[in-house]
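J.: Before I ask anything, here is the structure I am working with.
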Amino acid sequence: MAILNMSEAPTQPDASPGVREFLRDLTEPQREAVTHTDGALLLLAGAGSGKTRVITRRAAHLATTVTRPWHVLAITFTNKAANEMKERIVALSPGDDMTVCTFHSLCARLLRIHHDAAGLPPNFTIVDQSDRRKLIKQAVERLELAVDNWRRAAETGISRAKNAMETPAEMADAAGFQEKTIARIYAAYEEILAENAGLDFDDLLFKMALLLQSNEEVRAKLGDRFRYVMIDEYQDTNAAQYRIANLIARDHGNIMVTGDPDQSIYSWRGADITNILSFEHDYPNVKTVRLEQNYRSTKRILSVAGAVIAENIGRKDKTLWTENDEGTPVRVLTCSDARSEAEAIVKDIESLVVQGRRPGDFAIFYRINAMSRVLEESLFSAGISYRIARGTAFYARKEIKDILGYLRVMVNPADTVALERIINTPPRGIGKTTINTLKAFAERQGCTLLTAVMRYDECGLGKRAVNSLKAFTDLLQTLQLLAGGSTRHAIDQALSLSGMLAQLGEQQEANPEPLANANELVNAAEEYDTANPEATLLDWLTFTSLLGDEDIIEGDSGTVTLMTLHAAKGLEFPCVYIIGLERGLVPLVRDVLSIDEEEEERRLFFVGMTRAMQRLTITHALWRMVRGVTQRATRSVFLDELPDDEIEWDDRCGVGSNGSRSAHGEHLREDLHLWEVGTLVRHPDHGIGQVMSMGRRAGRMQVIVRFEDGRERPWMLEFASDLERVDFDDVG
DNA sequence: GTCAGCCAAATTTTT
DNA sequence: TTTGGCTGAC
């Protein structure tokens, strides 16, 4: 491995005006990272420590004074991060020959170029999450397993396997019926993907890693092309991504990774925190730079967040500090229920707005999306405008996917998912029966569905179906002629010739959105054509299928922002509220919570807290409605980890946050005490059972009891006279 | 081919 | 409570 590890870099940091520019306004550790050139570099960058600044400066420095721009590769996780980074780099060093992109788009691009070596068709389709879902369902059906039982497990299991670079065969070696069955579904799913010439998101990484691993020529070539590799958010990389980076950098060893293990919150998507924790071990002679000065938050916020994260065992020790003000104390609000929690926040916001804050200064974070509803209602009735950072991705909208379906079929005739999507969109008399006949024909002949469609007169279909299919194949053939032209033109034609435009126009009055979206798509294509004159229809499809949500999550847009704790990563707001610090919710528990999971939840809480610049308010309620049942809630263990003397405890219920009394009245306490969770009961018909939960439903008390037969039964408390409390000793 | 009505399920979701 | 997916009836 090439090791030339210098802070006194051969580039003479202060020699040229350009270099001096790159180092302006940087602290010592930041400079060290920027001027590091050859060899491995680990940049442990705490929250709000100016990480992006360092990355962009270093990239510009490398591109202008150390090597040529096209030898630099900067990888991010999101398109948004990639775009931002690219912009900032270009501002420092003109020219856009540098590769700044996401892992997925890098892999998509490279796999297209090296499709032969990777054993892939050149025109593969990238299947998105909802297509993937359909295909996995098909795989389950093909094995004649129950979709309801296996779909979910297969979806997570297959993704997990691909992220860990496990093939179906390797997975089948695993012990256990469950795993073995998922491995079979995985194998069937791979078959179906191949039939469709499709790759899912996980495949982009997995296949790329396999290619680099098995093809020395390609690996060496890419290593030579990308002589300086930089990876952001390295704590979120999975096994495949680790492998890709490792193999590209193998010859030169010039790999810089940045990240913060304390902000690793995506292990459930395959991210492996050990990638960053063992980076120093994996890359000898690594230089490590820590950025611990925080420019975002007040001293008090940092100290509170720091106390919580310090509870995690086995983390790299790191203490954020700041020269910012002491600030106002962090507050913990105890509320009676979600409604009063929301109203307390609304009042707080209102009074701060009177003092000159703007609505855009506020953000409210919660653990699960369902918790936004009560907040929305309160904000709405208070007349405060808000937005939720969770838009459906533009490219996931039905009308958009329909249009893209036409283009996908034009480009990839094997894309059966797309074909099924458009074959009767808009309705043209090709219904379920006809499609099933075509499918059966395709299966008998071992051909694609499109081929079957083209051979409609051999399928033994009725006259009406044949006529419809004739019109449809004519349409496809007309469109086919456009595949080589501009994207904009192809979309225009697909829209009008398919009849979609007419259909959208008709329903415009009822719902103008779809037509507007379609037009928006045409505009986007036009823009793309202009910006990339060389690009093909296939390129555009690749580009769009890798775009996520619209990046609406901008810092300040004049409204209060609501989002999940996960969505908050990377953002900052002057005033932050984190709600629902209750047992089972933060940390979120399904059945049992392992230590690792608890630590990840703690990191999630930490991420939330460190978004706050000036004011941080944490809330919890004594009652919370979960799935239609109002249940008693207990404070989160994380609240106990807050440094008591630095917190302003604000108990709106006047009973202490552990109190059992509630705003709902004294009588509830009596009832609830009798029916504590875990209490054993006996019923004349159902035998012995155990109280699983209790709460209020439709204003009345309810307990849920699980009986020996494994069934759970709810009881309205006032009718629960058949339930008799028994002691443990009585039942053994 | 469409639509109402029923049942089951319910974290988080960078691509 | 809310949502999505599926089924069976027009």
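Letters for chains follow the order of the structure tokens (A, B, ...), residue numbers begin at 1 for each chain, and ligand numbers begin at 1 in the order shown.
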Taking the DSSP assignment computed from this structure's backbone, write out as JSON, numbers by chain all residues of range 163-403 of chain A that belong to helix (DSSP H, G or I).

T.: {"A": [163, 168, 169, 170, 171, 172, 177, 178, 179, 180, 181, 182, 183, 184, 185, 186, 187, 188, 189, 190, 191, 192, 193, 194, 195, 201, 202, 203, 204, 205, 206, 207, 208, 209, 210, 211, 212, 213, 214, 216, 217, 218, 219, 220, 221, 222, 223, 224, 225, 234, 235, 236, 239, 240, 241, 242, 243, 244, 245, 246, 247, 248, 261, 262, 263, 267, 268, 269, 274, 275, 276, 277, 279, 280, 281, 282, 299, 300, 301, 302, 303, 304, 305, 306, 307, 308, 309, 338, 339, 340, 341, 342, 343, 344, 345, 346, 347, 348, 349, 350, 351, 352, 353, 354, 359, 360, 361, 369, 370, 371, 372, 373, 374, 375, 376, 377, 378, 379, 380, 381, 394, 395, 396, 398, 399, 400, 401, 402, 403]}

J.: As JSON, numbers by chain, which residues of range 50-88 of chain A does DSSP assign to strand (DSSP E)?

T.: {"A": [72, 73, 74, 75, 76]}

J.: Extract, using only C-alpha atoms (C1' of nucleotides), all DNA, RNA and protein residues at most 12 Å from DT13 in chain B, discarding same-chain residues fewer than 4 positions from it, and format them as a list in words.

T.: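 The residues satisfying every condition are Gln129, Thr156, Ile265, Tyr266, Ser267, Trp268, Arg269, Gly270, Ile368, Asn369, Arg390, Thr392, Ala393, Gly548, Asp549, Thr564, Leu565, His566 and Ala567 of chain A.
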
J.: Select, as a compact mmCIF listing (two decimals) with C-alpha atoms (C1' of nucleotides), in the first residue's frame, those residues of chain C with any atom no more than 12 Å from chain A (distances computed using only C-alpha atoms (C1' of nucleotides)).

T.:
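Done, and the output landed in part09.txt:
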# COMPACT_ATOMS: atom_id res chain seq x y z
C1' DT C 1 -56.98 4.92 14.66
C1' DT C 2 -55.48 4.73 10.16
C1' DT C 3 -54.03 2.50 6.16
C1' DG C 5 -54.53 -4.58 0.00
C1' DC C 6 -57.71 -7.85 -1.51

J.: Specify as a ChimeraX atom specification all residues of chain A found within 7 Å of chain B, counting only C-alpha atoms (C1' of nucleotides).

T.: /A:77-78,104,201,368,546,566

J.: Mind dumping the selected residues with N, CA, C and O atoms as a short mmCIF file (atom, residue, chain, number, x, y, z; two decimals), in the first residue's frame?

T.:
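Written file, part.cif:
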data_model
loop_
_atom_site.label_atom_id
_atom_site.label_comp_id
_atom_site.auth_asym_id
_atom_site.auth_seq_id
_atom_site.Cartn_x
_atom_site.Cartn_y
_atom_site.Cartn_z
N PHE A 77 -24.18 9.54 0.55
CA PHE A 77 -25.31 8.62 0.62
C PHE A 77 -26.55 9.17 -0.06
O PHE A 77 -27.37 8.43 -0.54
N THR A 78 -26.68 10.48 -0.05
CA THR A 78 -27.89 11.07 -0.62
C THR A 78 -27.54 11.94 -1.81
O THR A 78 -26.43 12.50 -1.90
N HIS A 104 -24.94 4.60 -4.96
CA HIS A 104 -25.82 3.92 -5.91
C HIS A 104 -25.63 4.42 -7.33
O HIS A 104 -25.58 3.63 -8.27
N PHE A 201 -32.04 -1.82 -5.72
CA PHE A 201 -31.03 -0.90 -5.16
C PHE A 201 -29.87 -1.66 -4.52
O PHE A 201 -28.71 -1.28 -4.68
N ILE A 368 -41.94 8.06 15.54
CA ILE A 368 -42.67 7.41 14.45
C ILE A 368 -43.64 8.40 13.78
O ILE A 368 -44.18 9.29 14.42
N LEU A 546 -32.90 6.73 -9.45
CA LEU A 546 -32.07 6.84 -8.25
C LEU A 546 -32.36 8.11 -7.47
O LEU A 546 -31.73 8.39 -6.45
N HIS A 566 -35.06 10.18 12.48
CA HIS A 566 -34.15 9.75 11.41
C HIS A 566 -33.98 10.83 10.35
O HIS A 566 -32.87 11.09 9.88
#

J.: Enter the distance from CA of Val257 in chain A to CA of Ile231 in chain A, in Å, rounded to one decimal.

T.: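 A separation of 4.8 Å between them.
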
J.: Which residues are near Leu585 in chain A? Cut-off 9 Å, only C-alpha atoms (C1' of nucleotides), ignore same chain within fewer than 5 positions. Put them as number ranges by chain.

T.: A: 367-368, 580, 636

J.: Output the selection as a PDB file, in the first residue's frame - N, CA, C and O atoms for each residue.

T.:
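The result, stored in out05.pdb:
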ATOM      1  N   ARG A 367     -40.501   9.921  17.057  1.00  0.00           N
ATOM      2  CA  ARG A 367     -39.886   8.651  16.696  1.00  0.00           C
ATOM      3  C   ARG A 367     -40.602   7.960  15.543  1.00  0.00           C
ATOM      4  O   ARG A 367     -39.992   7.351  14.690  1.00  0.00           O
ATOM      5  N   ILE A 368     -41.943   8.061  15.537  1.00  0.00           N
ATOM      6  CA  ILE A 368     -42.674   7.413  14.450  1.00  0.00           C
ATOM      7  C   ILE A 368     -43.635   8.397  13.782  1.00  0.00           C
ATOM      8  O   ILE A 368     -44.180   9.292  14.424  1.00  0.00           O
ATOM      9  N   GLY A 580     -42.348  12.627  23.023  1.00  0.00           N
ATOM     10  CA  GLY A 580     -42.620  11.210  23.254  1.00  0.00           C
ATOM     11  C   GLY A 580     -41.492  10.422  23.891  1.00  0.00           C
ATOM     12  O   GLY A 580     -41.271   9.270  23.537  1.00  0.00           O
ATOM     13  N   SER A 636     -39.271   7.583  29.638  1.00  0.00           N
ATOM     14  CA  SER A 636     -38.195   6.834  28.991  1.00  0.00           C
ATOM     15  C   SER A 636     -36.992   6.715  29.912  1.00  0.00           C
ATOM     16  O   SER A 636     -36.703   7.621  30.695  1.00  0.00           O
TER      17      SER A 636
END

J.: Please provide as a PyMOL selection string all residues within 12 Å of Asn79 in chain A, with the sequence filter that same-chain residues fewer than 3 positions apart are discarded (counting only C-alpha atoms (C1' of nucleotides)).

T.: (chain A and resi 75-76+82-86+100-106+543-551) or (chain B and resi 14-15)

J.: With C-alpha atoms (C1' of nucleotides) retained, write the just-selected residues as a PDB file, in the first residue's frame.

T.:
ATOM      1  CA  ILE A  75     -19.081   9.411  -2.436  1.00  0.00           C
ATOM      2  CA  THR A  76     -22.109  10.363  -0.394  1.00  0.00           C
ATOM      3  CA  ALA A  82     -23.783  14.963  -3.429  1.00  0.00           C
ATOM      4  CA  ASN A  83     -25.268  18.030  -5.087  1.00  0.00           C
ATOM      5  CA  GLU A  84     -24.378  20.296  -2.214  1.00  0.00           C
ATOM      6  CA  MET A  85     -20.882  18.990  -2.081  1.00  0.00           C
ATOM      7  CA  LYS A  86     -20.408  19.318  -5.786  1.00  0.00           C
ATOM      8  CA  VAL A 100     -19.135  13.447  -6.754  1.00  0.00           C
ATOM      9  CA  CYS A 101     -22.091  11.135  -6.435  1.00  0.00           C
ATOM     10  CA  THR A 102     -23.922   8.611  -4.335  1.00  0.00           C
ATOM     11  CA  PHE A 103     -22.813   5.041  -3.942  1.00  0.00           C
ATOM     12  CA  HIS A 104     -25.815   3.916  -5.907  1.00  0.00           C
ATOM     13  CA  SER A 105     -25.381   6.193  -8.875  1.00  0.00           C
ATOM     14  CA  LEU A 106     -21.678   5.417  -9.036  1.00  0.00           C
ATOM     15  CA  PHE A 543     -30.962   9.024 -13.200  1.00  0.00           C
ATOM     16  CA  THR A 544     -34.612   9.254 -12.247  1.00  0.00           C
ATOM     17  CA  SER A 545     -34.820   5.863 -10.646  1.00  0.00           C
ATOM     18  CA  LEU A 546     -32.066   6.840  -8.251  1.00  0.00           C
ATOM     19  CA  LEU A 547     -33.695  10.075  -7.197  1.00  0.00           C
ATOM     20  CA  GLY A 548     -35.383   9.978  -3.852  1.00  0.00           C
ATOM     21  CA  ASP A 549     -37.759  12.385  -2.261  1.00  0.00           C
ATOM     22  CA  GLU A 550     -37.878  15.907  -3.387  1.00  0.00           C
ATOM     23  CA  ASP A 551     -35.345  17.619  -1.225  1.00  0.00           C
TER      24      ASP A 551
ATOM     25  C1'  DT B  14     -30.119   8.010   2.566  1.00  0.00           C
ATOM     26  C1'  DT B  15     -30.972   4.614  -2.703  1.00  0.00           C
TER      27       DT B  15
END
